[in-house]
$ cat entry.pdb   # PDB, C-alpha atoms
ATOM      1  CA  MET I  17      93.265 119.066 107.511  1.00  0.00           C
ATOM      2  CA  SER I  18      93.598 116.736 110.464  1.00  0.00           C
ATOM      3  CA  SER I  19      96.636 114.535 110.790  1.00  0.00           C
ATOM      4  CA  CYS I  20      96.999 111.805 108.174  1.00  0.00           C
ATOM      5  CA  LEU I  21      98.965 108.685 109.080  1.00  0.00           C
ATOM      6  CA  PHE I  22     100.254 108.181 105.532  1.00  0.00           C
ATOM      7  CA  CYS I  23     101.173 111.860 105.106  1.00  0.00           C
ATOM      8  CA  ASP I  24     103.195 111.516 108.320  1.00  0.00           C
ATOM      9  CA  ILE I  25     104.957 108.480 106.813  1.00  0.00           C
ATOM     10  CA  VAL I  26     105.623 110.420 103.583  1.00  0.00           C
ATOM     11  CA  ASP I  27     107.047 113.303 105.658  1.00  0.00           C
ATOM     12  CA  GLY I  28     109.343 110.922 107.595  1.00  0.00           C
ATOM     13  CA  LYS I  29     107.600 111.572 110.928  1.00  0.00           C
ATOM     14  CA  ILE I  30     106.704 107.882 111.203  1.00  0.00           C
ATOM     15  CA  PRO I  31     109.185 105.213 110.074  1.00  0.00           C
ATOM     16  CA  CYS I  32     108.325 102.553 107.531  1.00  0.00           C
ATOM     17  CA  GLU I  33     110.015  99.646 105.796  1.00  0.00           C
ATOM     18  CA  LYS I  34     110.300 101.319 102.411  1.00  0.00           C
ATOM     19  CA  VAL I  35     110.108  99.199  99.264  1.00  0.00           C
ATOM     20  CA  HIS I  36     110.021 102.087  96.776  1.00  0.00           C
ATOM     21  CA  GLY I  37     110.175 105.837  96.849  1.00  0.00           C
ATOM     22  CA  ASP I  38     110.204 108.482  94.123  1.00  0.00           C
ATOM     23  CA  GLU I  39     108.930 112.039  93.796  1.00  0.00           C
ATOM     24  CA  ASN I  40     105.307 110.921  93.328  1.00  0.00           C
ATOM     25  CA  PHE I  41     104.864 107.636  95.192  1.00  0.00           C
ATOM     26  CA  LEU I  42     105.938 105.709  98.264  1.00  0.00           C
ATOM     27  CA  ALA I  43     105.597 101.957  98.811  1.00  0.00           C
ATOM     28  CA  PHE I  44     106.201 100.241 102.130  1.00  0.00           C
ATOM     29  CA  ARG I  45     105.451  96.997 103.949  1.00  0.00           C
ATOM     30  CA  ASP I  46     102.222  96.884 105.931  1.00  0.00           C
ATOM     31  CA  ILE I  47     102.789  96.630 109.696  1.00  0.00           C
ATOM     32  CA  ALA I  48      99.847  94.205 110.019  1.00  0.00           C
ATOM     33  CA  PRO I  49     100.204  92.052 106.896  1.00  0.00           C
ATOM     34  CA  ALA I  50      97.164  90.195 105.577  1.00  0.00           C
ATOM     35  CA  ALA I  51      99.380  88.007 103.339  1.00  0.00           C
ATOM     36  CA  PRO I  52     103.022  86.840 103.331  1.00  0.00           C
ATOM     37  CA  GLN I  53     103.774  89.837 101.081  1.00  0.00           C
ATOM     38  CA  HIS I  54     101.668  92.920 101.883  1.00  0.00           C
ATOM     39  CA  ILE I  55     102.880  96.214 100.480  1.00  0.00           C
ATOM     40  CA  LEU I  56     101.049  99.541 100.506  1.00  0.00           C
ATOM     41  CA  VAL I  57     101.547 101.822  97.509  1.00  0.00           C
ATOM     42  CA  ILE I  58     100.495 105.444  98.027  1.00  0.00           C
ATOM     43  CA  PRO I  59     100.708 108.736  96.198  1.00  0.00           C
ATOM     44  CA  ARG I  60     102.803 111.278  98.096  1.00  0.00           C
ATOM     45  CA  GLN I  61     100.083 113.820  97.373  1.00  0.00           C
ATOM     46  CA  HIS I  62      97.220 113.591  99.859  1.00  0.00           C
ATOM     47  CA  ILE I  63      94.183 112.194  98.085  1.00  0.00           C
ATOM     48  CA  GLY I  64      91.532 111.022 100.521  1.00  0.00           C
ATOM     49  CA  SER I  65      90.083 108.128  98.532  1.00  0.00           C
ATOM     50  CA  LEU I  66      89.042 106.924  95.098  1.00  0.00           C
ATOM     51  CA  ASN I  67      86.068 109.281  95.429  1.00  0.00           C
ATOM     52  CA  GLU I  68      88.434 112.246  95.042  1.00  0.00           C
ATOM     53  CA  LEU I  69      89.827 111.067  91.691  1.00  0.00           C
ATOM     54  CA  ASP I  70      88.873 113.063  88.627  1.00  0.00           C
ATOM     55  CA  GLU I  71      90.235 113.497  85.108  1.00  0.00           C
ATOM     56  CA  SER I  72      93.115 115.648  86.374  1.00  0.00           C
ATOM     57  CA  LEU I  73      94.392 112.641  88.376  1.00  0.00           C
ATOM     58  CA  ALA I  74      93.935 110.006  85.647  1.00  0.00           C
ATOM     59  CA  ASN I  75      97.662 109.781  84.845  1.00  0.00           C
ATOM     60  CA  MET I  76      98.547 109.459  88.545  1.00  0.00           C
ATOM     61  CA  ALA I  77      96.003 106.642  88.959  1.00  0.00           C
ATOM     62  CA  GLY I  78      97.476 104.761  85.991  1.00  0.00           C
ATOM     63  CA  GLU I  79     101.016 105.280  87.276  1.00  0.00           C
ATOM     64  CA  LEU I  80      99.940 103.919  90.683  1.00  0.00           C
ATOM     65  CA  LEU I  81      98.771 100.659  89.073  1.00  0.00           C
ATOM     66  CA  LEU I  82     101.850 100.322  86.877  1.00  0.00           C
ATOM     67  CA  LEU I  83     104.171 100.964  89.823  1.00  0.00           C
ATOM     68  CA  ALA I  84     102.383  98.326  91.893  1.00  0.00           C
ATOM     69  CA  ARG I  85     102.798  95.838  89.025  1.00  0.00           C
ATOM     70  CA  ARG I  86     106.539  96.612  88.824  1.00  0.00           C
ATOM     71  CA  ILE I  87     106.888  96.143  92.583  1.00  0.00           C
ATOM     72  CA  ALA I  88     105.060  92.802  92.338  1.00  0.00           C
ATOM     73  CA  ALA I  89     107.594  91.685  89.724  1.00  0.00           C
ATOM     74  CA  ARG I  90     110.537  92.914  91.817  1.00  0.00           C
ATOM     75  CA  GLU I  91     109.172  90.967  94.793  1.00  0.00           C
ATOM     76  CA  ASN I  92     108.883  87.842  92.562  1.00  0.00           C
ATOM     77  CA  LEU I  93     105.109  87.705  92.939  1.00  0.00           C
ATOM     78  CA  ASP I  94     104.376  87.784  89.212  1.00  0.00           C
ATOM     79  CA  ALA I  95     105.210  84.091  88.729  1.00  0.00           C
ATOM     80  CA  THR I  96     102.789  82.802  91.365  1.00  0.00           C
ATOM     81  CA  GLY I  97     100.141  85.526  91.534  1.00  0.00           C
ATOM     82  CA  TYR I  98      99.117  88.575  93.494  1.00  0.00           C
ATOM     83  CA  ARG I  99      96.186  90.905  93.907  1.00  0.00           C
ATOM     84  CA  PHE I 100      95.537  94.609  94.293  1.00  0.00           C
ATOM     85  CA  VAL I 101      92.947  95.940  96.730  1.00  0.00           C
ATOM     86  CA  ILE I 102      91.793  99.545  96.989  1.00  0.00           C
ATOM     87  CA  ASN I 103      89.163 100.150  99.640  1.00  0.00           C
ATOM     88  CA  CYS I 104      86.968 103.249  99.437  1.00  0.00           C
ATOM     89  CA  GLY I 105      85.182 104.727 102.447  1.00  0.00           C
ATOM     90  CA  ALA I 106      84.441 103.257 105.847  1.00  0.00           C
ATOM     91  CA  ASP I 107      81.838 100.781 104.566  1.00  0.00           C
ATOM     92  CA  GLY I 108      84.310  99.727 101.862  1.00  0.00           C
ATOM     93  CA  GLY I 109      86.933  98.872 104.494  1.00  0.00           C
ATOM     94  CA  GLN I 110      89.135 101.979 104.125  1.00  0.00           C
ATOM     95  CA  SER I 111      90.779 102.611 107.505  1.00  0.00           C
ATOM     96  CA  VAL I 112      93.243 105.385 106.526  1.00  0.00           C
ATOM     97  CA  GLY I 113      91.880 108.450 104.746  1.00  0.00           C
ATOM     98  CA  HIS I 114      94.636 108.569 102.116  1.00  0.00           C
ATOM     99  CA  LEU I 115      94.336 106.738  98.798  1.00  0.00           C
ATOM    100  CA  HIS I 116      96.376 103.539  98.956  1.00  0.00           C
ATOM    101  CA  LEU I 117      96.695 100.295  97.069  1.00  0.00           C
ATOM    102  CA  HIS I 118      97.303  97.018  98.886  1.00  0.00           C
ATOM    103  CA  LEU I 119      99.596  94.652  96.982  1.00  0.00           C
ATOM    104  CA  LEU I 120      99.064  91.159  98.401  1.00  0.00           C
ATOM    105  CA  GLY I 121     100.792  87.936  97.435  1.00  0.00           C
ATOM    106  CA  GLY I 122     102.852  85.007  98.567  1.00  0.00           C
TER
END
$ encode --input "entry.pdb" --output "structure tokens"
Amino acid sequence: MSSCLFCDIVDGKIPCEKVHGDENFLAFRDIAPAAPQHILVIPRQHIGSLNELDESLANMAGELLLLARRIAARENLDATGYRFVINCGADGGQSVGHLHLHLLGG
């Protein structure tokens, strides 16, 4: 596998402004925010995109959404509103080949 920017962040090779970290997920502030609050939530496991999800990853996908919702609440975005964006493939706007959820608000 060629180098993956987000895997390098997970491995600590590239610094990030961490918002959350546990054994399965990492969340950090986007370095080029598209909103006042722009947080990326990623699985630590390398999954290239939504196209790689199957039934064996269903629980992980649900946990990703629930974690992003908890982070939105912790960042006080739940009162005013926020959105999730998951891009898939180059034509879908995905620029990093590692599944990630954009949490945007503020």
$ closest_residue --input "entry.pdb" --among "I:Gly108, I:Ala48, I:Gly78, I:Val35" --to "Arg90 (chain I)" --atoms "all atoms listed in the file"
I:Val35
$ closest_residue --input "entry.pdb" --among "I:Ala77, I:Glu91, I:Pro52, I:Ile63" --to "His36 (chain I)" --atoms "all atoms listed in the file"
I:Glu91
$ resolve_selection --input "entry.pdb" --expression "the PyMOL selection byres ((chain I and resi 113) around 9)" --output "PyMOL selection string"
chain I and resi 20-22+62-65+104-105+110-112+114-116
$ residues_around --input "entry.pdb" --residues "Glu79 (chain I)" --least-positions-apart "5" --cutoff "12 Å" --atoms "all atoms listed in the file" --output "PyMOL selection string"
chain I and resi 38+40-41+57-59+73-74+84-86+117
$ atom_distance --input "entry.pdb" --atom1 "CA of Leu80 (chain I)" --atom2 "CA of Leu42 (chain I)"
9.8 Å
$ atom_distance --input "entry.pdb" --atom1 "CA of Arg45 (chain I)" --atom2 "CA of Ile30 (chain I)"
13.1 Å
$ resolve_selection --input "entry.pdb" --expression "the PyMOL selection byres ((chain I and resi 120) around 9)" --output "ChimeraX atom specification"
/I:49-56,88,93,97-101,118-119,121-122
$ atom_distance --input "entry.pdb" --atom1 "CA of Gly109 (chain I)" --atom2 "CA of Ala89 (chain I)"
26.4 Å
$ closest_residue --input "entry.pdb" --among "I:Leu69, I:Leu82, I:Ile87, I:Lys29" --to "Ala43 (chain I)" --atoms "all atoms listed in the file"
I:Ile87
$ axis_aligned_box --input "entry.pdb" --around "region 50-58 of chain I" --padding-each-side "4 Å" --output "AutoDock Vina command-line options"
--center_x 100.5 --center_y 96.1 --center_z 101.5 --size_x 14.6 --size_y 26.6 --size_z 16.1
